[in-house]
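**Student:** I have a structure I would like to understand better, so I am pasting it below and will then ask my questions one at a time.
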Amino acid sequence: SSAQKKREEGTVYVSFIISSTGEVTNIEIVKGFYKDCDKEAARVISMMNKWEPGLQNKMPVAVKMVLPIKFKLDI
């Protein structure tokens, strides 16, 4: 809400690991633009359901992802 009051828009890049069991772990902000938006992006990522893990030689493996999350105001 503080970013919204200041009319701030931008993209937060969030890094995380999908474990071999599909859990979302090791959430980090790679590049943020506003502290409150960075926290919200990390919170949303932490609430995601399990993913399908990556496969290597038909075995599940952990995979690192970087996801851009855009914050845009309705004008």
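Ligands are numbered from 1 in the order shown, chains are lettered A, B, ... in the order of the structure tokens, and residues start at 1 in each chain.
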Name the residues in contact with A:Thr21 at a cut-off of 12 Å, using only C-alpha atoms, excluding same-chain residues fewer than 4 positions from it; report them as a count of residues only.
**Tutor:** 14
**Student:** Counting only C-alpha atoms, what is within 8 Å of A:Pro68, bar same-chain residues fewer than 5 positions away, as a ChimeraX atom specification?
**Tutor:** /A:11-14
**Student:** Where does DSSP see strand (DSSP E or B) in chain A, if you list the residues as an MDAnalysis selection string?
**Tutor:** chainID A and resid 10:18 24:31 54:56 59:61 63:71
**Student:** Now that the selection is made, can you save its residues with N, CA and C atoms as a compact mmCIF listing (two decimals), in the first residue's frame?
**Tutor:**
# COMPACT_ATOMS: atom_id res chain seq x y z
N GLY A 10 6.90 -1.27 -10.88
CA GLY A 10 8.16 -1.88 -11.26
C GLY A 10 8.08 -3.40 -11.21
N THR A 11 9.23 -4.03 -11.36
CA THR A 11 9.33 -5.49 -11.40
C THR A 11 10.28 -5.97 -10.32
N VAL A 12 9.87 -7.01 -9.62
CA VAL A 12 10.70 -7.67 -8.63
C VAL A 12 11.11 -9.02 -9.20
N TYR A 13 12.40 -9.33 -9.19
CA TYR A 13 12.89 -10.62 -9.66
C TYR A 13 13.17 -11.49 -8.45
N VAL A 14 12.45 -12.61 -8.37
CA VAL A 14 12.55 -13.50 -7.22
C VAL A 14 13.18 -14.82 -7.65
N SER A 15 14.21 -15.22 -6.92
CA SER A 15 14.88 -16.50 -7.16
C SER A 15 14.40 -17.50 -6.11
N PHE A 16 14.18 -18.73 -6.54
CA PHE A 16 13.80 -19.79 -5.59
C PHE A 16 14.18 -21.13 -6.18
N ILE A 17 14.17 -22.14 -5.34
CA ILE A 17 14.52 -23.49 -5.77
C ILE A 17 13.31 -24.38 -5.64
N ILE A 18 13.04 -25.14 -6.68
CA ILE A 18 12.03 -26.20 -6.64
C ILE A 18 12.80 -27.47 -6.28
N VAL A 24 8.81 -25.41 -2.77
CA VAL A 24 9.45 -24.13 -3.05
C VAL A 24 10.32 -23.77 -1.86
N THR A 25 11.62 -23.58 -2.09
CA THR A 25 12.56 -23.27 -1.01
C THR A 25 13.52 -22.16 -1.43
N ASN A 26 14.31 -21.70 -0.49
CA ASN A 26 15.40 -20.73 -0.73
C ASN A 26 14.94 -19.50 -1.52
N ILE A 27 13.92 -18.84 -1.05
CA ILE A 27 13.38 -17.67 -1.74
C ILE A 27 14.28 -16.47 -1.46
N GLU A 28 14.71 -15.80 -2.54
CA GLU A 28 15.56 -14.62 -2.43
C GLU A 28 15.14 -13.58 -3.46
N ILE A 29 15.26 -12.33 -3.09
CA ILE A 29 15.01 -11.24 -4.03
C ILE A 29 16.31 -10.98 -4.79
N VAL A 30 16.30 -11.21 -6.10
CA VAL A 30 17.48 -10.98 -6.93
C VAL A 30 17.61 -9.49 -7.23
N LYS A 31 16.48 -8.88 -7.63
CA LYS A 31 16.47 -7.45 -7.92
C LYS A 31 15.09 -6.92 -7.55
N GLY A 54 12.15 -30.85 -11.68
CA GLY A 54 12.86 -31.11 -12.92
C GLY A 54 13.27 -32.57 -12.99
N LEU A 55 13.54 -33.05 -14.18
CA LEU A 55 13.99 -34.43 -14.35
C LEU A 55 15.34 -34.44 -15.05
N GLN A 56 16.21 -35.30 -14.56
CA GLN A 56 17.49 -35.53 -15.21
C GLN A 56 17.74 -37.03 -15.16
N MET A 59 15.16 -38.96 -13.27
CA MET A 59 15.15 -38.84 -11.81
C MET A 59 14.80 -37.40 -11.44
N PRO A 60 13.96 -37.19 -10.42
CA PRO A 60 13.63 -35.82 -10.01
C PRO A 60 14.85 -35.11 -9.42
N VAL A 61 15.05 -33.86 -9.82
CA VAL A 61 16.17 -33.05 -9.32
C VAL A 61 15.66 -31.66 -8.96
N VAL A 63 15.66 -27.61 -9.08
CA VAL A 63 15.84 -26.65 -10.16
C VAL A 63 15.74 -25.24 -9.59
N LYS A 64 16.66 -24.36 -9.99
CA LYS A 64 16.60 -22.96 -9.57
C LYS A 64 15.82 -22.18 -10.60
N MET A 65 14.92 -21.34 -10.12
CA MET A 65 14.07 -20.52 -10.99
C MET A 65 14.25 -19.05 -10.62
N VAL A 66 14.09 -18.18 -11.61
CA VAL A 66 14.01 -16.74 -11.37
C VAL A 66 12.73 -16.27 -12.04
N LEU A 67 11.85 -15.70 -11.25
CA LEU A 67 10.52 -15.31 -11.74
C LEU A 67 10.34 -13.79 -11.60
N PRO A 68 10.04 -13.10 -12.69
CA PRO A 68 9.74 -11.66 -12.57
C PRO A 68 8.29 -11.47 -12.16
N ILE A 69 8.08 -10.59 -11.19
CA ILE A 69 6.72 -10.25 -10.75
C ILE A 69 6.55 -8.75 -10.95
N LYS A 70 5.59 -8.38 -11.80
CA LYS A 70 5.36 -6.97 -12.11
C LYS A 70 4.29 -6.38 -11.21
N PHE A 71 4.58 -5.20 -10.70
CA PHE A 71 3.62 -4.43 -9.93
C PHE A 71 3.23 -3.23 -10.78
**Student:** Once DSSP has gone over the backbone, tell me which residues of chain A are in alpha helix (DSSP H), as a PyMOL selection string.
**Tutor:** chain A and resi 2-5+35-46
**Student:** Could you name the residues that touch A:Met48 at 10 Å or less, counting only C-alpha atoms, but leaving out those on the same chain fewer than 4 positions away, as a VMD selection string?
**Tutor:** chain A and resid 23 to 24 43 to 44
**Student:** For A:Gly32, which residue among A:Ser19, A:Ser46, A:Asn57, A:Glu9 is the nearest when counting only C-alpha atoms?
**Tutor:** A:Glu9
